[in-house]
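Heads up, start.txt below (compact mmCIF, C-alpha atoms):
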```txt
# COMPACT_ATOMS: atom_id res chain seq x y z
CA SER A 4 -3.06 182.85 34.84
CA ALA A 5 -5.53 181.54 32.30
CA VAL A 6 -6.22 177.93 31.46
CA ILE A 7 -6.02 177.55 27.70
CA SER A 8 -6.71 174.42 25.71
CA GLN A 9 -6.11 173.75 22.03
CA LYS A 10 -7.51 171.04 19.83
CA PRO A 11 -6.07 169.06 18.23
CA SER A 12 -2.74 168.83 20.03
CA ARG A 13 -1.17 167.42 16.90
CA ASP A 14 -2.16 166.25 13.45
CA ILE A 15 -0.68 164.88 10.28
CA CYS A 16 -2.42 166.11 7.15
CA GLN A 17 -2.22 165.64 3.44
CA ARG A 18 -1.22 168.39 1.06
CA GLY A 19 -4.18 170.40 -0.22
CA THR A 20 -6.44 169.75 2.75
CA SER A 21 -7.47 172.16 5.51
CA LEU A 22 -7.31 171.92 9.28
CA THR A 23 -9.19 173.95 11.87
CA ILE A 24 -7.54 174.49 15.25
CA GLN A 25 -9.61 175.44 18.25
CA CYS A 26 -8.54 177.56 21.21
CA GLN A 27 -10.67 177.60 24.37
CA VAL A 28 -10.04 179.75 27.45
CA ASP A 29 -11.51 179.14 30.89
CA SER A 30 -12.58 182.76 31.33
CA GLN A 31 -13.34 185.82 29.27
CA VAL A 32 -10.33 187.59 27.81
CA THR A 33 -10.02 190.79 25.84
CA MET A 34 -7.36 189.81 23.36
CA MET A 35 -6.64 186.58 21.55
CA PHE A 36 -3.79 186.04 19.14
CA TRP A 37 -2.53 183.28 16.84
CA TYR A 38 1.17 182.58 16.38
CA ARG A 39 3.21 180.17 14.34
CA GLN A 40 6.51 178.61 15.40
CA GLN A 41 8.35 176.84 12.62
CA PRO A 42 10.92 174.19 13.51
CA GLY A 43 13.89 175.69 15.34
CA GLN A 44 12.50 179.19 15.01
CA SER A 45 10.95 181.78 17.29
CA LEU A 46 7.29 182.73 17.26
CA THR A 47 5.71 184.78 14.48
CA LEU A 48 2.39 186.54 14.91
CA ILE A 49 -0.22 185.48 12.35
CA ALA A 50 -3.15 187.63 13.41
CA THR A 51 -5.16 189.18 16.20
CA ALA A 52 -8.54 187.49 16.61
CA ASN A 53 -11.16 190.18 17.10
CA GLN A 54 -14.44 189.32 18.74
CA GLY A 55 -17.33 190.17 16.46
CA SER A 56 -15.22 191.44 13.56
CA GLU A 57 -12.63 190.31 11.06
CA ALA A 58 -9.20 189.34 12.34
CA THR A 59 -6.25 191.69 11.90
CA TYR A 60 -3.51 189.96 9.92
CA GLU A 61 0.22 190.59 9.97
CA SER A 62 2.25 191.15 6.85
CA GLY A 63 2.67 187.90 4.97
CA PHE A 64 -0.52 186.30 6.27
CA VAL A 65 -3.87 186.52 4.51
CA ILE A 66 -7.42 185.65 5.41
CA ASP A 67 -7.89 183.21 2.54
CA LYS A 68 -5.03 181.07 3.80
CA PHE A 69 -5.61 181.50 7.55
CA PRO A 70 -9.29 182.28 8.20
CA ILE A 71 -9.95 183.04 11.87
CA SER A 72 -13.13 183.14 13.86
CA ARG A 73 -13.82 184.52 17.30
CA PRO A 74 -17.50 184.19 18.10
CA ASN A 75 -17.16 185.09 21.79
CA LEU A 76 -14.66 186.14 24.47
CA THR A 77 -13.49 182.63 25.33
CA PHE A 78 -13.12 180.86 21.98
CA SER A 79 -11.33 181.21 18.67
CA THR A 80 -10.46 179.06 15.69
CA LEU A 81 -7.66 179.21 13.15
CA THR A 82 -7.96 177.33 9.87
CA VAL A 83 -4.90 176.45 7.83
CA SER A 84 -6.23 176.16 4.29
CA ASN A 85 -4.94 174.31 1.24
CA MET A 86 -1.97 173.08 3.23
CA SER A 87 1.51 172.49 1.87
CA PRO A 88 4.57 171.01 3.63
CA GLU A 89 5.76 174.57 4.32
CA ASP A 90 2.81 174.93 6.70
CA SER A 91 4.29 172.28 8.98
CA SER A 92 4.69 174.15 12.23
CA ILE A 93 3.42 174.59 15.75
CA TYR A 94 0.42 176.88 15.94
CA LEU A 95 -0.22 178.61 19.26
CA CYS A 96 -2.97 180.81 20.55
CA SER A 97 -2.35 183.34 23.27
CA VAL A 98 -4.69 185.39 25.41
CA GLN A 99 -4.54 188.58 27.36
CA ARG A 100 -6.89 189.67 30.07
CA ALA A 101 -8.36 193.12 30.14
CA TYR A 102 -6.71 194.32 33.31
CA ASN A 103 -3.02 193.57 32.82
CA ASN A 104 -0.54 192.91 30.10
CA GLU A 105 0.43 189.34 30.84
CA GLN A 106 -0.06 187.09 27.85
CA PHE A 107 -0.48 183.37 28.24
CA PHE A 108 0.00 180.73 25.59
CA GLY A 109 -1.95 177.62 24.87
CA PRO A 110 -0.13 174.28 24.63
CA GLY A 111 0.12 174.53 20.84
CA THR A 112 -0.95 172.38 17.92
CA ARG A 113 1.84 170.52 16.14
CA LEU A 114 0.95 170.24 12.46
CA THR A 115 2.78 168.08 9.95
CA VAL A 116 1.82 168.31 6.29
CA LEU A 117 2.89 165.49 4.00
CA GLY B 24 8.63 196.74 11.74
CA GLN B 25 10.67 195.89 14.79
CA ASN B 26 14.27 194.74 14.98
CA ILE B 27 14.86 192.62 18.06
CA ASP B 28 18.28 191.13 18.73
CA GLN B 29 19.44 188.65 21.33
CA PRO B 30 22.32 186.18 21.43
CA THR B 31 21.64 182.85 19.79
CA GLU B 32 23.22 180.63 22.42
CA MET B 33 24.69 180.91 25.91
CA THR B 34 26.22 178.42 28.31
CA ALA B 35 26.50 178.82 32.07
CA THR B 36 27.31 176.69 35.08
CA GLU B 37 24.86 175.44 37.66
CA GLY B 38 24.69 177.86 40.60
CA ALA B 39 26.05 180.78 38.61
CA ILE B 40 24.40 183.97 37.34
CA VAL B 41 23.70 184.62 33.68
CA GLN B 42 22.51 187.76 31.91
CA ILE B 43 20.68 187.52 28.59
CA ASN B 44 20.60 190.77 26.65
CA CYS B 45 17.98 192.01 24.22
CA THR B 46 18.12 195.13 22.09
CA TYR B 47 15.26 196.46 20.04
CA GLN B 48 14.50 199.18 17.55
CA THR B 49 10.86 200.07 17.26
CA SER B 50 8.44 202.95 17.15
CA GLY B 51 5.46 203.13 19.45
CA PHE B 52 7.06 200.92 22.10
CA ASN B 53 4.44 199.62 24.49
CA GLY B 54 6.29 197.11 26.66
CA LEU B 55 8.82 194.27 26.71
CA PHE B 56 8.24 190.67 27.73
CA TRP B 57 10.49 187.76 28.55
CA TYR B 58 9.30 184.20 28.07
CA GLN B 59 10.88 180.84 28.82
CA GLN B 60 10.33 177.94 26.45
CA HIS B 61 11.43 174.39 27.07
CA ALA B 62 11.78 172.14 24.06
CA GLY B 63 8.43 170.87 22.86
CA GLU B 64 6.46 173.11 25.20
CA ALA B 65 4.62 176.42 24.91
CA PRO B 66 6.31 179.62 26.11
CA THR B 67 5.69 180.56 29.73
CA PHE B 68 5.56 184.16 30.92
CA LEU B 69 8.50 185.39 32.99
CA SER B 70 8.35 189.17 33.14
CA TYR B 71 6.95 192.38 31.73
CA ASN B 72 8.63 195.79 31.72
CA VAL B 73 7.13 199.01 30.46
CA LEU B 74 8.97 201.53 32.66
CA ASP B 75 12.72 201.91 33.03
CA GLY B 76 14.28 199.93 35.82
CA LEU B 77 14.61 196.53 37.34
CA GLU B 78 11.78 194.10 38.08
CA GLU B 79 12.67 191.25 40.41
CA LYS B 80 10.81 187.97 40.77
CA GLY B 81 12.65 185.44 42.84
CA ARG B 82 15.65 184.11 40.91
CA PHE B 83 14.65 186.05 37.81
CA SER B 84 15.03 189.79 37.23
CA SER B 85 14.39 191.88 34.15
CA PHE B 86 15.74 195.33 33.35
CA LEU B 87 14.60 197.88 30.81
CA SER B 88 16.10 201.07 29.43
CA ARG B 89 13.68 202.63 26.96
CA SER B 90 16.09 205.36 25.90
CA LYS B 91 18.69 202.74 24.94
CA GLY B 92 16.26 200.20 23.50
CA TYR B 93 17.79 197.63 25.80
CA SER B 94 16.66 194.95 28.20
CA TYR B 95 18.24 192.07 30.01
CA LEU B 96 17.01 189.01 31.84
CA LEU B 97 19.09 188.01 34.84
CA LEU B 98 18.93 184.47 36.14
CA LYS B 99 20.51 183.76 39.52
CA GLU B 100 21.43 180.51 41.23
CA LEU B 101 21.12 178.65 37.97
CA GLN B 102 19.56 175.22 38.03
CA MET B 103 19.74 172.49 35.41
CA LYS B 104 16.03 172.97 34.73
CA ASP B 105 16.76 176.53 33.58
CA SER B 106 18.17 175.09 30.34
CA ALA B 107 15.66 176.43 27.83
CA SER B 108 15.11 179.09 25.19
CA TYR B 109 14.52 182.61 26.46
CA LEU B 110 12.44 184.80 24.21
CA CYS B 111 12.44 188.59 24.24
CA ALA B 112 9.29 190.19 22.80
CA VAL B 113 8.06 193.74 22.41
CA THR B 114 4.62 195.19 21.91
CA VAL B 115 3.92 198.36 19.98
CA SER B 116 1.00 200.70 20.32
CA ASN B 117 -0.32 200.26 16.80
CA SER B 118 -0.71 196.50 17.14
CA GLY B 119 -2.57 196.34 20.41
CA TYR B 120 -0.74 193.96 22.67
CA ALA B 121 0.43 191.49 20.05
CA LEU B 122 3.95 190.23 20.70
CA ASN B 123 6.84 190.61 18.28
CA PHE B 124 9.48 188.09 19.21
CA GLY B 125 13.22 188.02 18.87
CA LYS B 126 14.81 184.80 17.66
CA GLY B 127 15.39 183.58 21.20
CA THR B 128 18.46 182.66 23.22
CA SER B 129 19.14 178.99 23.88
CA LEU B 130 20.64 178.65 27.36
CA LEU B 131 22.48 175.52 28.38
CA VAL B 132 23.20 175.04 32.08
CA THR B 133 26.05 172.63 32.76
CA PRO B 134 26.97 170.86 36.00
```

Would you mind writing the structure in this file as structure tokens?
Amino acid sequence: SAVISQKPSRDICQRGTSLTIQCQVDSQVTMMFWYRQQPGQSLTLIATANQGSEATYESGFVIDKFPISRPNLTFSTLTVSNMSPEDSSIYLCSVQRAYNNEQFFGPGTRLTVL
Amino acid sequence: GQNIDQPTEMTATEGAIVQINCTYQTSGFNGLFWYQQHAGEAPTFLSYNVLDGLEEKGRFSSFLSRSKGYSYLLLKELQMKDSASYLCAVTVSNSGYALNFGKGTSLLVTP
């Protein structure tokens, strides 16, 4: 398995502000993804974080709202921009190694927007 | 897009066996995952199936039929700690290995 850390683990933010979430892995991985889990719901893919190029976003998610960086094979950030209460959710990163298909999730960032 | 269906809730007794079904409709199927998620925690990987058949891992087994778009997760010798949400997810070839999740099945194990 991979050891994945996310910062912050939780935050309470004001409407209109932005928050950047960091995801750090203990070893190089090929794929990194960002998901959102709204209260009582399952996980929804936001985007695939591509190393050295722009992220690939799923329908309903745009770069201006959720800019993503992936400067190397062990680190990625997700920014939630111009937040509203509807953005209150748990945000999770996941990683996949090159040699198998197991995907592992970070502990998540619990975001509350007031 | 993908249509992934699984029961919303199930209840089973400690020591029993429970089967959680998942059906999917998708093009470019590239594999099916099962995850366990306890309340307030991140999902943890349980199993991965890409070929038809049964994969067994201790008390947990997962089955896949690609022709039927069907999978199940079998939990044996249920323990109270197995009370959790069980998430079925598929990957498709045109999205790399990104996971598309069903809504999850909330399993309650009773004494």

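Near Leu76 in chain A, within 9 Å and counting all atoms listed in the file, sit A:Val28, A:Ser30, A:Gln31, A:Val32, A:Thr33, A:Met34, A:Met35, A:Gln54, not including residues fewer than 4 positions from it in the same chain.
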
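Among the candidates A:Glu105, A:Asp14, A:Asp29, A:Asp90, the one nearest to chain B when counting all atoms listed in the file is A:Glu105.
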
Select, as a ChimeraX atom specification, those residues of chain B with any atom no more than 8 Å from chain A (distances computed using all atoms listed in the file). /B:64-68,71,110,120-127

From A:Arg100, A:Gly63, A:Phe78, A:Asn85, residue lying nearest Cys16 in chain A [all atoms listed in the file]: A:Asn85

Might you pull out every residue within 10 Å of Leu22 in chain A, with only C-alpha atoms counted and same-chain residues fewer than 5 positions away left off, and present them as a PyMOL selection string? chain A and resi 11+14-17+69+81-86+114

Output C-alpha atoms for every residue in the selection just made, as a PDB file, keeping the file's coordinate frame.
```pdb
ATOM      1  CA  PRO A  11      -6.070 169.060  18.230  1.00  0.00           C
ATOM      2  CA  ASP A  14      -2.160 166.250  13.450  1.00  0.00           C
ATOM      3  CA  ILE A  15      -0.680 164.880  10.280  1.00  0.00           C
ATOM      4  CA  CYS A  16      -2.420 166.110   7.150  1.00  0.00           C
ATOM      5  CA  GLN A  17      -2.220 165.640   3.440  1.00  0.00           C
ATOM      6  CA  PHE A  69      -5.610 181.500   7.550  1.00  0.00           C
ATOM      7  CA  LEU A  81      -7.660 179.210  13.150  1.00  0.00           C
ATOM      8  CA  THR A  82      -7.960 177.330   9.870  1.00  0.00           C
ATOM      9  CA  VAL A  83      -4.900 176.450   7.830  1.00  0.00           C
ATOM     10  CA  SER A  84      -6.230 176.160   4.290  1.00  0.00           C
ATOM     11  CA  ASN A  85      -4.940 174.310   1.240  1.00  0.00           C
ATOM     12  CA  MET A  86      -1.970 173.080   3.230  1.00  0.00           C
ATOM     13  CA  LEU A 114       0.950 170.240  12.460  1.00  0.00           C
TER      14      LEU A 114
END
```

Excluding Tyr95 in chain B and its own-chain neighbours fewer than 6 positions away, which residues fall within 12 Å of it when counting only C-alpha atoms? Please give them as an MDAnalysis selection string. chainID B and resid 28:30 41:47 55:57 70:72 75:79 83:89 109:112 128

Separation of CA of Gln41 in chain A and CA of Glu89 in chain A, in Å? 9.0 Å

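Remark: for Arg13 in chain A, the closest of the candidate residues A:Gln25, A:Asn75, A:Ser87, A:Thr80 is A:Gln25 (distances computed over only C-alpha atoms).
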
One-decimal distance in Å that lies between CA of Ser21 in chain A and CA of Lys68 in chain A: 9.4 Å

Go ahead and compute the interatomic distance for CA of Asn53 in chain A and CA of Ser50 in chain B, in Å to one decimal. 23.4 Å

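Near Gly54 in chain B, within a cut-off of 6 Å and counting all atoms listed in the file, sit the residues Asn72, Val73, Val113 and Thr114 of chain B, with same-chain residues fewer than 5 positions away left out.
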